[in-house]
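> Dropping in model_17.cif, with mmCIF, C-alpha atoms.
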data_query
#
loop_
_atom_site.group_PDB
_atom_site.id
_atom_site.type_symbol
_atom_site.label_atom_id
_atom_site.label_comp_id
_atom_site.auth_asym_id
_atom_site.auth_seq_id
_atom_site.Cartn_x
_atom_site.Cartn_y
_atom_site.Cartn_z
ATOM 1 C CA MET O 177 233.599 105.721 -141.221
ATOM 2 C CA SER O 178 235.795 103.070 -139.610
ATOM 3 C CA GLN O 179 237.352 103.876 -136.278
ATOM 4 C CA PRO O 180 240.685 105.670 -136.837
ATOM 5 C CA SER O 181 243.887 104.525 -135.177
ATOM 6 C CA LYS O 182 246.062 107.553 -135.965
ATOM 7 C CA ILE O 183 244.611 111.077 -136.039
ATOM 8 C CA LEU O 184 246.480 114.209 -137.101
ATOM 9 C CA ILE O 185 244.898 117.445 -135.901
ATOM 10 C CA ARG O 186 245.910 120.687 -137.619
ATOM 11 C CA MET O 187 245.604 123.068 -134.684
ATOM 12 C CA PRO O 188 244.513 126.734 -134.863
ATOM 13 C CA ASN O 189 247.026 129.528 -135.383
ATOM 14 C CA TRP O 190 246.217 131.508 -132.225
ATOM 15 C CA LEU O 191 247.159 130.589 -128.672
ATOM 16 C CA GLY O 192 243.676 131.029 -127.216
ATOM 17 C CA ASP O 193 242.042 129.097 -130.045
ATOM 18 C CA CYS O 194 244.425 126.200 -129.387
ATOM 19 C CA VAL O 195 243.260 126.058 -125.774
ATOM 20 C CA MET O 196 239.640 126.208 -126.922
ATOM 21 C CA ALA O 197 240.381 123.244 -129.199
ATOM 22 C CA ALA O 198 241.524 121.176 -126.211
ATOM 23 C CA PRO O 199 237.977 119.977 -125.342
ATOM 24 C CA SER O 200 237.746 118.400 -128.799
ATOM 25 C CA ILE O 201 241.027 116.575 -128.242
ATOM 26 C CA MET O 202 239.835 115.469 -124.809
ATOM 27 C CA GLY O 203 236.590 114.212 -126.314
ATOM 28 C CA LEU O 204 238.400 112.240 -129.001
ATOM 29 C CA ARG O 205 240.722 110.741 -126.425
ATOM 30 C CA ALA O 206 237.766 109.616 -124.278
ATOM 31 C CA ALA O 207 235.946 108.141 -127.270
ATOM 32 C CA LEU O 208 239.050 106.537 -128.802
ATOM 33 C CA PRO O 209 241.318 105.672 -125.859
ATOM 34 C CA HIS O 210 243.772 103.607 -127.947
ATOM 35 C CA CYS O 211 244.060 106.063 -130.830
ATOM 36 C CA GLN O 212 247.279 108.004 -131.420
ATOM 37 C CA ILE O 213 246.549 111.744 -131.538
ATOM 38 C CA THR O 214 249.217 114.065 -132.938
ATOM 39 C CA LEU O 215 248.897 117.850 -133.052
ATOM 40 C CA LEU O 216 250.202 119.647 -136.135
ATOM 41 C CA MET O 217 250.796 123.260 -135.122
ATOM 42 C CA LYS O 218 252.876 126.369 -135.603
ATOM 43 C CA SER O 219 256.315 125.908 -134.068
ATOM 44 C CA GLN O 220 255.907 128.898 -131.730
ATOM 45 C CA LEU O 221 252.794 127.258 -130.255
ATOM 46 C CA ALA O 222 254.235 123.760 -129.915
ATOM 47 C CA GLY O 223 254.953 124.372 -126.242
ATOM 48 C CA LEU O 224 251.217 124.672 -125.625
ATOM 49 C CA GLY O 225 250.538 121.425 -127.461
ATOM 50 C CA ARG O 226 252.823 119.648 -125.019
ATOM 51 C CA LEU O 227 250.635 120.858 -122.139
ATOM 52 C CA ILE O 228 247.549 119.073 -123.525
ATOM 53 C CA PRO O 229 247.599 115.652 -121.849
ATOM 54 C CA SER O 230 245.062 114.096 -124.232
ATOM 55 C CA ALA O 231 247.510 114.360 -127.141
ATOM 56 C CA ASN O 232 250.280 111.825 -127.712
ATOM 57 C CA ASP O 233 252.635 113.999 -129.708
ATOM 58 C CA VAL O 234 253.223 117.410 -131.293
ATOM 59 C CA LEU O 235 254.464 117.887 -134.852
ATOM 60 C CA PRO O 236 255.665 121.473 -135.422
ATOM 61 C CA LEU O 237 255.074 123.058 -138.822
ATOM 62 C CA ASP O 238 258.203 124.232 -140.608
ATOM 63 C CA ASP O 239 258.692 126.242 -143.787
ATOM 64 C CA ALA O 240 261.113 123.664 -145.192
ATOM 65 C CA GLY O 241 258.383 121.020 -145.220
ATOM 66 C CA GLY O 242 260.071 118.597 -142.841
ATOM 67 C CA TYR O 243 256.728 117.965 -141.182
ATOM 68 C CA ILE O 244 255.468 116.397 -144.430
ATOM 69 C CA THR O 245 258.110 113.672 -144.393
ATOM 70 C CA LYS O 246 257.468 112.943 -140.722
ATOM 71 C CA ALA O 247 253.689 112.877 -141.151
ATOM 72 C CA ARG O 248 253.860 110.552 -144.153
ATOM 73 C CA ALA O 249 256.116 108.208 -142.220
ATOM 74 C CA GLU O 250 253.522 108.051 -139.439
ATOM 75 C CA LYS O 251 250.798 107.063 -141.957
ATOM 76 C CA PHE O 252 247.928 108.930 -140.301
ATOM 77 C CA ASP O 253 244.583 107.528 -141.419
ATOM 78 C CA THR O 254 242.519 110.584 -140.445
ATOM 79 C CA ALA O 255 243.226 114.311 -140.290
ATOM 80 C CA LEU O 256 241.145 117.058 -138.715
ATOM 81 C CA VAL O 257 241.689 120.604 -140.028
ATOM 82 C CA LEU O 258 240.527 123.103 -137.387
ATOM 83 C CA PRO O 259 241.510 126.433 -139.046
ATOM 84 C CA ASN O 260 239.371 127.711 -141.916
ATOM 85 C CA SER O 261 242.216 128.760 -144.216
ATOM 86 C CA PHE O 262 243.159 127.308 -147.580
ATOM 87 C CA ARG O 263 246.753 126.991 -146.410
ATOM 88 C CA SER O 264 245.910 124.772 -143.435
ATOM 89 C CA ALA O 265 243.939 122.389 -145.671
ATOM 90 C CA TRP O 266 246.819 122.336 -148.178
ATOM 91 C CA GLU O 267 249.313 121.522 -145.398
ATOM 92 C CA VAL O 268 247.206 118.564 -144.312
ATOM 93 C CA PHE O 269 246.592 117.437 -147.892
ATOM 94 C CA ARG O 270 250.353 117.154 -148.345
ATOM 95 C CA THR O 271 250.688 114.776 -145.366
ATOM 96 C CA GLY O 272 248.907 112.041 -147.316
ATOM 97 C CA ALA O 273 246.226 111.314 -144.714
ATOM 98 C CA PRO O 274 243.477 109.518 -146.685
ATOM 99 C CA ALA O 275 240.585 110.990 -144.650
ATOM 100 C CA ARG O 276 240.645 114.773 -144.241
ATOM 101 C CA ILE O 277 237.883 116.614 -142.390
ATOM 102 C CA GLY O 278 237.388 120.374 -142.123
ATOM 103 C CA TYR O 279 234.945 123.177 -142.760
ATOM 104 C CA ALA O 280 234.117 123.859 -146.392
ATOM 105 C CA GLY O 281 234.850 127.175 -148.067
ATOM 106 C CA ASP O 282 237.815 129.366 -148.974
ATOM 107 C CA LEU O 283 238.218 127.397 -152.237
ATOM 108 C CA ARG O 284 239.592 124.459 -150.282
ATOM 109 C CA SER O 285 236.830 121.860 -150.283
ATOM 110 C CA TRP O 286 238.613 119.809 -152.973
ATOM 111 C CA LEU O 287 241.498 119.324 -150.518
ATOM 112 C CA LEU O 288 239.155 117.658 -148.015
ATOM 113 C CA THR O 289 237.525 114.263 -148.268
ATOM 114 C CA ARG O 290 234.766 115.416 -145.936
ATOM 115 C CA PRO O 291 234.059 119.160 -146.226
ATOM 116 C CA VAL O 292 231.617 120.154 -143.497
ATOM 117 C CA ALA O 293 229.180 123.041 -143.890
ATOM 118 C CA LYS O 294 229.953 125.933 -141.541
ATOM 119 C CA PRO O 295 227.321 126.973 -138.980
ATOM 120 C CA GLY O 296 224.766 129.268 -140.570
ATOM 121 C CA VAL O 297 225.427 132.442 -138.580
ATOM 122 C CA LYS O 298 228.937 133.829 -138.132
ATOM 123 C CA HIS O 299 229.966 134.227 -134.466
ATOM 124 C CA SER O 300 226.949 132.132 -133.434
ATOM 125 C CA LEU O 301 228.885 129.539 -131.394
ATOM 126 C CA HIS O 302 231.508 129.464 -128.715
ATOM 127 C CA GLN O 303 234.792 128.678 -130.432
ATOM 128 C CA SER O 304 235.157 125.416 -128.515
ATOM 129 C CA GLU O 305 231.793 124.226 -129.841
ATOM 130 C CA TYR O 306 232.796 125.297 -133.348
ATOM 131 C CA PHE O 307 235.799 122.961 -133.175
ATOM 132 C CA LEU O 308 233.804 120.235 -131.446
ATOM 133 C CA ARG O 309 231.386 120.016 -134.359
ATOM 134 C CA LEU O 310 234.273 118.926 -136.552
ATOM 135 C CA ALA O 311 235.516 116.406 -133.979
ATOM 136 C CA ARG O 312 232.029 114.871 -133.915
ATOM 137 C CA GLU O 313 232.545 113.900 -137.537
ATOM 138 C CA ILE O 314 234.942 111.294 -136.097
ATOM 139 C CA ALA O 315 233.215 110.526 -132.781
ATOM 140 C CA PRO O 316 229.586 111.752 -132.853
ATOM 141 C CA ASP O 317 228.828 111.378 -129.140
ATOM 142 C CA ILE O 318 231.614 113.474 -127.609
ATOM 143 C CA THR O 319 230.511 116.425 -125.457
ATOM 144 C CA ILE O 320 232.025 119.700 -124.347
ATOM 145 C CA ALA O 321 234.130 119.986 -121.197
ATOM 146 C CA ALA O 322 236.462 122.576 -119.743
ATOM 147 C CA PRO O 323 239.964 122.229 -121.219
ATOM 148 C CA GLU O 324 242.708 120.656 -119.159
ATOM 149 C CA LEU O 325 246.406 121.513 -119.261
ATOM 150 C CA THR O 326 249.321 119.919 -117.431
ATOM 151 C CA VAL O 327 252.338 121.895 -116.184
ATOM 152 C CA THR O 328 255.666 120.072 -116.322
ATOM 153 C CA ALA O 329 258.055 119.793 -113.387
ATOM 154 C CA GLU O 330 260.703 121.603 -115.445
ATOM 155 C CA ALA O 331 258.350 124.539 -116.053
ATOM 156 C CA LYS O 332 257.438 124.676 -112.371
ATOM 157 C CA ALA O 333 261.104 124.903 -111.473
ATOM 158 C CA LYS O 334 261.624 127.727 -113.965
ATOM 159 C CA ALA O 335 258.626 129.612 -112.563
ATOM 160 C CA GLY O 336 260.068 129.289 -109.076
ATOM 161 C CA SER O 337 263.374 130.711 -110.243
ATOM 162 C CA ILE O 338 261.947 133.796 -111.983
ATOM 163 C CA LEU O 339 259.207 134.833 -109.557
ATOM 164 C CA PRO O 340 260.257 137.254 -106.813
ATOM 165 C CA PRO O 341 260.923 135.785 -103.337
ATOM 166 C CA VAL O 342 258.068 137.519 -101.521
ATOM 167 C CA GLN O 343 255.529 136.366 -98.939
ATOM 168 C CA LYS O 344 252.551 138.028 -100.588
ATOM 169 C CA PRO O 345 250.262 136.061 -102.924
ATOM 170 C CA PHE O 346 250.804 136.779 -106.619
ATOM 171 C CA VAL O 347 248.250 138.616 -108.769
ATOM 172 C CA GLY O 348 248.914 138.464 -112.500
ATOM 173 C CA PHE O 349 247.983 141.164 -114.996
ATOM 174 C CA GLY O 350 247.398 140.324 -118.655
ATOM 175 C CA PHE O 351 247.374 143.914 -119.871
ATOM 176 C CA GLY O 352 248.271 143.408 -123.546
ATOM 177 C CA ALA O 353 246.466 142.000 -126.565
ATOM 178 C CA THR O 354 248.216 140.565 -129.591
ATOM 179 C CA TYR O 355 245.145 141.072 -131.781
ATOM 180 C CA GLY O 356 245.119 144.865 -131.301
ATOM 181 C CA SER O 357 244.727 147.795 -128.916
ATOM 182 C CA ALA O 358 240.917 147.741 -129.099
ATOM 183 C CA LYS O 359 240.918 144.715 -126.778
ATOM 184 C CA MET O 360 243.037 146.477 -124.156
ATOM 185 C CA TRP O 361 241.655 147.946 -120.943
ATOM 186 C CA PRO O 362 243.606 151.226 -120.585
ATOM 187 C CA SER O 363 247.074 150.941 -119.048
ATOM 188 C CA ARG O 364 246.345 153.773 -116.615
ATOM 189 C CA LYS O 365 243.488 151.707 -115.183
ATOM 190 C CA PHE O 366 245.712 148.666 -114.746
ATOM 191 C CA ALA O 367 248.197 150.951 -112.966
ATOM 192 C CA GLU O 368 245.504 152.236 -110.592
ATOM 193 C CA LEU O 369 244.331 148.687 -109.944
ATOM 194 C CA ALA O 370 247.918 147.697 -109.137
ATOM 195 C CA ALA O 371 248.152 150.533 -106.615
ATOM 196 C CA ARG O 372 245.004 149.319 -104.843
ATOM 197 C CA LEU O 373 246.059 145.680 -104.695
ATOM 198 C CA SER O 374 249.761 146.096 -103.917
ATOM 199 C CA SER O 375 249.382 146.409 -100.152
ATOM 200 C CA ASP O 376 248.268 142.783 -99.892
ATOM 201 C CA TYR O 377 249.443 141.226 -103.161
ATOM 202 C CA GLN O 378 252.514 141.140 -105.374
ATOM 203 C CA ILE O 379 251.514 142.290 -108.845
ATOM 204 C CA VAL O 380 253.162 140.384 -111.704
ATOM 205 C CA LEU O 381 252.999 141.723 -115.257
ATOM 206 C CA LEU O 382 252.788 138.989 -117.899
ATOM 207 C CA GLY O 383 253.105 139.422 -121.640
ATOM 208 C CA GLY O 384 255.284 139.110 -124.709
ATOM 209 C CA GLU O 385 257.770 141.401 -126.408
ATOM 210 C CA ALA O 386 254.935 143.117 -128.302
ATOM 211 C CA ASP O 387 253.543 144.339 -124.958
ATOM 212 C CA ARG O 388 256.655 146.350 -123.996
ATOM 213 C CA TRP O 389 255.071 149.715 -124.751
ATOM 214 C CA ALA O 390 252.078 149.006 -122.510
ATOM 215 C CA GLU O 391 254.390 147.627 -119.822
ATOM 216 C CA ASP O 392 256.296 150.932 -119.896
ATOM 217 C CA GLU O 393 253.054 152.893 -119.522
ATOM 218 C CA ILE O 394 252.010 150.886 -116.465
ATOM 219 C CA LEU O 395 255.413 151.065 -114.770
ATOM 220 C CA LYS O 396 255.671 154.817 -115.373
ATOM 221 C CA THR O 397 252.217 155.385 -113.889
ATOM 222 C CA CYS O 398 252.803 153.229 -110.799
ATOM 223 C CA GLU O 399 254.581 155.796 -108.637
ATOM 224 C CA LYS O 400 254.845 154.134 -105.208
ATOM 225 C CA VAL O 401 254.741 150.359 -105.686
ATOM 226 C CA LYS O 402 256.243 148.910 -108.848
ATOM 227 C CA PRO O 403 254.790 145.652 -110.196
ATOM 228 C CA PHE O 404 257.237 142.853 -110.917
ATOM 229 C CA SER O 405 257.513 142.325 -114.660
ATOM 230 C CA LEU O 406 257.993 139.022 -116.446
ATOM 231 C CA VAL O 407 257.176 140.544 -119.827
ATOM 232 C CA GLY O 408 259.158 138.752 -122.518
ATOM 233 C CA LYS O 409 260.732 136.374 -119.991
ATOM 234 C CA THR O 410 258.519 133.296 -120.242
ATOM 235 C CA ASP O 411 257.970 130.645 -122.855
ATOM 236 C CA ILE O 412 254.542 128.990 -122.947
ATOM 237 C CA GLY O 413 255.479 126.289 -120.447
ATOM 238 C CA ALA O 414 256.913 128.749 -117.909
ATOM 239 C CA LEU O 415 253.968 131.099 -118.417
ATOM 240 C CA ALA O 416 251.570 128.276 -117.544
ATOM 241 C CA ALA O 417 253.637 127.393 -114.476
ATOM 242 C CA VAL O 418 253.583 131.018 -113.294
ATOM 243 C CA MET O 419 249.836 131.205 -113.868
ATOM 244 C CA ALA O 420 249.317 128.075 -111.799
ATOM 245 C CA ARG O 421 250.831 129.945 -108.842
ATOM 246 C CA LEU O 422 248.669 133.064 -109.131
ATOM 247 C CA ALA O 423 245.949 133.925 -106.637
ATOM 248 C CA ILE O 424 244.113 135.496 -109.583
ATOM 249 C CA TYR O 425 244.809 136.491 -113.184
ATOM 250 C CA ILE O 426 243.203 139.767 -114.304
ATOM 251 C CA THR O 427 243.305 140.081 -118.036
ATOM 252 C CA ASN O 428 242.070 141.440 -121.322
ATOM 253 C CA ASP O 429 240.626 138.998 -123.854
ATOM 254 C CA THR O 430 243.933 137.319 -124.733
ATOM 255 C CA GLY O 431 245.347 133.890 -125.481
ATOM 256 C CA PRO O 432 247.026 133.490 -122.069
ATOM 257 C CA MET O 433 243.609 134.144 -120.470
ATOM 258 C CA HIS O 434 242.549 130.715 -121.742
ATOM 259 C CA ILE O 435 245.644 129.037 -120.284
ATOM 260 C CA SER O 436 244.941 130.545 -116.871
ATOM 261 C CA ALA O 437 241.308 129.421 -116.894
ATOM 262 C CA ALA O 438 242.200 125.909 -118.070
ATOM 263 C CA LEU O 439 244.657 125.567 -115.178
ATOM 264 C CA GLY O 440 241.872 126.389 -112.695
ATOM 265 C CA THR O 441 243.466 129.692 -111.677
ATOM 266 C CA PRO O 442 240.812 132.288 -110.795
ATOM 267 C CA THR O 443 240.543 134.306 -113.989
ATOM 268 C CA LEU O 444 238.893 137.722 -114.278
ATOM 269 C CA ALA O 445 238.505 138.604 -117.959
ATOM 270 C CA ILE O 446 237.732 142.090 -119.300
ATOM 271 C CA PHE O 447 235.921 142.076 -122.649
ATOM 272 C CA GLY O 448 235.175 144.986 -124.964
ATOM 273 C CA PRO O 449 235.130 144.731 -128.779
ATOM 274 C CA THR O 450 234.840 140.936 -128.817
ATOM 275 C CA SER O 451 232.076 138.644 -127.603
ATOM 276 C CA PRO O 452 232.241 136.509 -124.451
ATOM 277 C CA GLU O 453 229.623 134.287 -126.062
ATOM 278 C CA GLU O 454 232.254 133.196 -128.575
ATOM 279 C CA THR O 455 235.604 133.405 -126.782
ATOM 280 C CA SER O 456 234.988 133.515 -123.029
ATOM 281 C CA PRO O 457 237.522 131.428 -121.089
ATOM 282 C CA LEU O 458 236.414 127.952 -120.027
ATOM 283 C CA GLY O 459 237.259 126.816 -116.535
ATOM 284 C CA PRO O 460 235.942 126.224 -113.032
ATOM 285 C CA ASN O 461 236.696 129.714 -111.680
ATOM 286 C CA VAL O 462 236.058 132.378 -114.300
ATOM 287 C CA LYS O 463 234.329 135.757 -114.252
ATOM 288 C CA VAL O 464 233.812 138.056 -117.233
ATOM 289 C CA ILE O 465 233.281 141.818 -117.065
ATOM 290 C CA TYR O 466 231.571 143.031 -120.217
ATOM 291 C CA LYS O 467 229.630 146.219 -120.840
ATOM 292 C CA LYS O 468 228.295 145.793 -124.316
ATOM 293 C CA ALA O 469 228.567 149.152 -126.081
ATOM 294 C CA ALA O 470 226.096 149.948 -128.842
ATOM 295 C CA CYS O 471 228.795 149.183 -131.436
ATOM 296 C CA ALA O 472 230.002 145.950 -129.783
ATOM 297 C CA PRO O 473 231.033 143.401 -130.693
ATOM 298 C CA CYS O 474 232.841 145.086 -133.585
ATOM 299 C CA TRP O 475 235.895 142.765 -133.745
ATOM 300 C CA LYS O 476 238.093 145.703 -134.784
ATOM 301 C CA ARG O 477 241.804 145.740 -133.972
ATOM 302 C CA LYS O 478 241.785 149.493 -133.237
ATOM 303 C CA CYS O 479 238.843 151.506 -132.002
ATOM 304 C CA PRO O 480 237.873 154.210 -134.514
ATOM 305 C CA THR O 481 235.817 156.193 -131.974
ATOM 306 C CA ASP O 482 235.808 156.587 -128.185
ATOM 307 C CA HIS O 483 236.718 153.043 -127.010
ATOM 308 C CA LEU O 484 233.619 153.173 -124.812
ATOM 309 C CA CYS O 485 233.419 149.389 -124.459
ATOM 310 C CA MET O 486 236.634 149.477 -122.405
ATOM 311 C CA GLU O 487 236.575 152.998 -120.989
ATOM 312 C CA SER O 488 233.174 152.365 -119.376
ATOM 313 C CA ILE O 489 234.599 149.557 -117.227
ATOM 314 C CA THR O 490 235.817 151.220 -114.042
ATOM 315 C CA VAL O 491 238.684 150.354 -111.737
ATOM 316 C CA ASP O 492 236.146 150.070 -108.908
ATOM 317 C CA GLU O 493 234.291 147.340 -110.801
ATOM 318 C CA VAL O 494 237.379 145.309 -111.577
ATOM 319 C CA TYR O 495 238.795 145.770 -108.086
ATOM 320 C CA GLY O 496 235.521 144.686 -106.472
ATOM 321 C CA ALA O 497 235.203 141.634 -108.700
ATOM 322 C CA ALA O 498 238.817 140.671 -108.012
ATOM 323 C CA LEU O 499 238.363 140.898 -104.240
ATOM 324 C CA GLU O 500 235.230 138.787 -104.441
ATOM 325 C CA MET O 501 237.093 136.074 -106.347
ATOM 326 C CA LEU O 502 240.094 136.263 -104.008
ATOM 327 C CA ARG O 503 237.856 135.812 -100.973
ATOM 328 C CA ARG O 504 236.379 132.656 -102.514
ATOM 329 C CA LYS O 505 239.781 131.130 -103.170
#
Mind converting the file's structure to structure tokens?

Amino acid sequence: MSQPSKILIRMPNWLGDCVMAAPSIMGLRAALPHCQITLLMKSQLAGLGRLIPSANDVLPLDDAGGYITKARAEKFDTALVLPNSFRSAWEVFRTGAPARIGYAGDLRSWLLTRPVAKPGVKHSLHQSEYFLRLAREIAPDITIAAPELTVTAEAKAKAGSILPPVQKPFVGFGFGATYGSAKMWPSRKFAELAARLSSDYQIVLLGGEADRWAEDEILKTCEKVKPFSLVGKTDIGALAAVMARLAIYITNDTGPMHISAALGTPTLAIFGPTSPEETSPLGPNVKVIYKKAACAPCWKRKCPTDHLCMESITVDEVYGAALEMLRRK
């Protein structure tokens, strides 16, 4: 395969997966320093693409198909399809890129010029390595590295304007989980943790509109000291800028967890029904708390039984781990 000059990368559909794809983009950039790399991604995730310094541009997907016209005008010579879906391969096929690389399966191999066999055992690799195997079809010698994100000056200014003017260091809580409630450490435990930390730290709740119900549960349970909530008030850029200012981010297995870790913010991740071996955050200052229940990892959105994988993780454990990380900072 000749060395490409313009690569289009169809990014994953989940925030965390996009961050875990960043090492592949970094590897391609290092191997092909003069190549133009454009990220094709869902419009609601485009803000994250602009935080990945190894990419030259972001092309948002749109239902009207405007991205097709733009992509054809760019004349990409190579396309990398990171999601496994038929739709993602079809979207890239329509851009006219003559070389199209992705994992085989899902009746889509005919849309690819180089369908790659999936790893033999499902959930056998960290997601970043799963993506990297595809990137090595373009540049075989690239290796894994922790993802890197860059916060813009505009986002930093927005973070400064929405954070409370307090002297205490900020501790962020990622208490929600877009995938489903099974991945959520109970709200009452986050509330108790907030009560223990609030004497020395300002607790900041971070999440999207879908996390409102859990936000309400935490705020109702916190009787004396109320956390400061930014739920629903940050776009991806501002969220990253806020995370860059945290003393620590304590979180369920969520997409924003990966942003925090990639920024170098101390990140304490609580895992339950999913596997840290596949989706643990990558970064220089990360700790995972995981008590593998007999039924874990189950990958279910809602727990059908006793939610033991999360209930067995105590506030004492999370509090102790957080203090240890804060002392190291």
> Once the PyMOL selection byres ((chain O and resi 315) around 12) has been evaluated on this model, what residues remain selected, and can you format them as a PDB file with C-alpha atoms, keeping the file's coordinate frame?

ATOM      1  CA  MET O 177     233.599 105.721-141.221  1.00  0.00           C
ATOM      2  CA  SER O 178     235.795 103.070-139.610  1.00  0.00           C
ATOM      3  CA  GLN O 179     237.352 103.876-136.278  1.00  0.00           C
ATOM      4  CA  PRO O 180     240.685 105.670-136.837  1.00  0.00           C
ATOM      5  CA  ILE O 183     244.611 111.077-136.039  1.00  0.00           C
ATOM      6  CA  SER O 200     237.746 118.400-128.799  1.00  0.00           C
ATOM      7  CA  ILE O 201     241.027 116.575-128.242  1.00  0.00           C
ATOM      8  CA  MET O 202     239.835 115.469-124.809  1.00  0.00           C
ATOM      9  CA  GLY O 203     236.590 114.212-126.314  1.00  0.00           C
ATOM     10  CA  LEU O 204     238.400 112.240-129.001  1.00  0.00           C
ATOM     11  CA  ARG O 205     240.722 110.741-126.425  1.00  0.00           C
ATOM     12  CA  ALA O 206     237.766 109.616-124.278  1.00  0.00           C
ATOM     13  CA  ALA O 207     235.946 108.141-127.270  1.00  0.00           C
ATOM     14  CA  LEU O 208     239.050 106.537-128.802  1.00  0.00           C
ATOM     15  CA  PRO O 209     241.318 105.672-125.859  1.00  0.00           C
ATOM     16  CA  CYS O 211     244.060 106.063-130.830  1.00  0.00           C
ATOM     17  CA  LEU O 256     241.145 117.058-138.715  1.00  0.00           C
ATOM     18  CA  LEU O 308     233.804 120.235-131.446  1.00  0.00           C
ATOM     19  CA  ARG O 309     231.386 120.016-134.359  1.00  0.00           C
ATOM     20  CA  LEU O 310     234.273 118.926-136.552  1.00  0.00           C
ATOM     21  CA  ALA O 311     235.516 116.406-133.979  1.00  0.00           C
ATOM     22  CA  ARG O 312     232.029 114.871-133.915  1.00  0.00           C
ATOM     23  CA  GLU O 313     232.545 113.900-137.537  1.00  0.00           C
ATOM     24  CA  ILE O 314     234.942 111.294-136.097  1.00  0.00           C
ATOM     25  CA  PRO O 316     229.586 111.752-132.853  1.00  0.00           C
ATOM     26  CA  ASP O 317     228.828 111.378-129.140  1.00  0.00           C
ATOM     27  CA  ILE O 318     231.614 113.474-127.609  1.00  0.00           C
ATOM     28  CA  THR O 319     230.511 116.425-125.457  1.00  0.00           C
TER      29      THR O 319
END
> Within 8 Å of range 213-223 of chain O, counting only C-alpha atoms, which residues qualify if same-chain residues fewer than 3 places away don't, as a PyMOL selection string?
chain O and resi 182-189+191+205+226-227+230-238+411-413
> When distances are computed from all atoms listed in the file, which of O:Ala358, O:Leu325, O:Ala255, O:Cys194 shows the smallest separation from Cys474 in chain O?
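Smallest distance to Cys474 in chain O is found for O:Ala358.
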> One number please: CA of His434 in chain O to CA of Ile338 in chain O, in Å, one decimal.
21.9 Å
> Report as CSV the residues of range 318-421 of chain O within 12 Å of range 475-479 of chain O, each with its shortest atom pair and distance in Å (one decimal), using all atoms listed in the file, ordered by chain and increasing residue number.

residue,atom,partner,partner_atom,distance
O:Ala353,CA,O:Arg477,CA,9.5
O:Thr354,CA,O:Arg477,CA,9.3
O:Tyr355,CA,O:Arg477,CA,6.1
O:Gly356,CA,O:Arg477,CA,4.3
O:Ser357,CA,O:Lys478,CA,5.5
O:Ala358,CA,O:Lys478,CA,4.6
O:Lys359,CA,O:Arg477,CA,7.3
O:Met360,CA,O:Lys478,CA,9.7
O:Trp361,CA,O:Cys479,CA,12.0
> Would you mind listing what lies within 9 Å of Gly384 in chain O as an mmCIF file with C-alpha atoms, in the coordinates of the input, with only C-alpha atoms counted and same-chain residues fewer than 5 positions away left out?

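So the final result, stored in out_24.cif, reads:
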data_model
loop_
_atom_site.group_PDB
_atom_site.id
_atom_site.type_symbol
_atom_site.label_atom_id
_atom_site.label_comp_id
_atom_site.auth_asym_id
_atom_site.auth_seq_id
_atom_site.Cartn_x
_atom_site.Cartn_y
_atom_site.Cartn_z
ATOM 1 C CA GLY O 352 248.271 143.408 -123.546
ATOM 2 C CA THR O 354 248.216 140.565 -129.591
ATOM 3 C CA LEU O 406 257.993 139.022 -116.446
ATOM 4 C CA VAL O 407 257.176 140.544 -119.827
ATOM 5 C CA GLY O 408 259.158 138.752 -122.518
ATOM 6 C CA LYS O 409 260.732 136.374 -119.991
ATOM 7 C CA THR O 410 258.519 133.296 -120.242
#
> Output as AutoDock Vina command-line options the centre and edge lengths (Å, one decimal) of the box along x, y and z of the file that holds every listed atom of range 328-340 of chain O after adding 3 Å on each side.

--center_x 259.5 --center_y 128.5 --center_z -111.6 --size_x 13.7 --size_y 23.5 --size_z 15.5
> Show me, as a PDB file with C-alpha atoms, in the coordinates of the input, the residues that have an atom within 7 Å of Leu444 in chain O when counting only C-alpha atoms, minus same-chain residues fewer than 2 positions from it.

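Writing the result to result-v3.pdb gives the following:
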ATOM      1  CA  TYR O 425     244.809 136.491-113.184  1.00  0.00           C
ATOM      2  CA  ILE O 426     243.203 139.767-114.304  1.00  0.00           C
ATOM      3  CA  THR O 427     243.305 140.081-118.036  1.00  0.00           C
ATOM      4  CA  PRO O 442     240.812 132.288-110.795  1.00  0.00           C
ATOM      5  CA  ILE O 446     237.732 142.090-119.300  1.00  0.00           C
ATOM      6  CA  VAL O 462     236.058 132.378-114.300  1.00  0.00           C
ATOM      7  CA  LYS O 463     234.329 135.757-114.252  1.00  0.00           C
ATOM      8  CA  VAL O 464     233.812 138.056-117.233  1.00  0.00           C
ATOM      9  CA  ALA O 498     238.817 140.671-108.012  1.00  0.00           C
TER      10      ALA O 498
END
> Select, from O:Glu399, O:Glu393, O:Gln378, O:Glu250, the residue with the minimum atom-to-atom distance to Pro341 in chain O, counting only C-alpha atoms.
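Smallest separation from Pro341 in chain O among the options: O:Gln378.
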> From the list O:Leu502, O:Met419, O:Met196, O:Ala247, which residue is nearest Asp376 in chain O when using all atoms listed in the file?
O:Leu502
> Apply the PyMOL selection byres ((chain O and resi 416) around 12) to the structure shown and report the selected residues as a PyMOL selection string.
chain O and resi 195+223-224+226-228+324-335+348+382-383+410-415+417-422+425+431-441
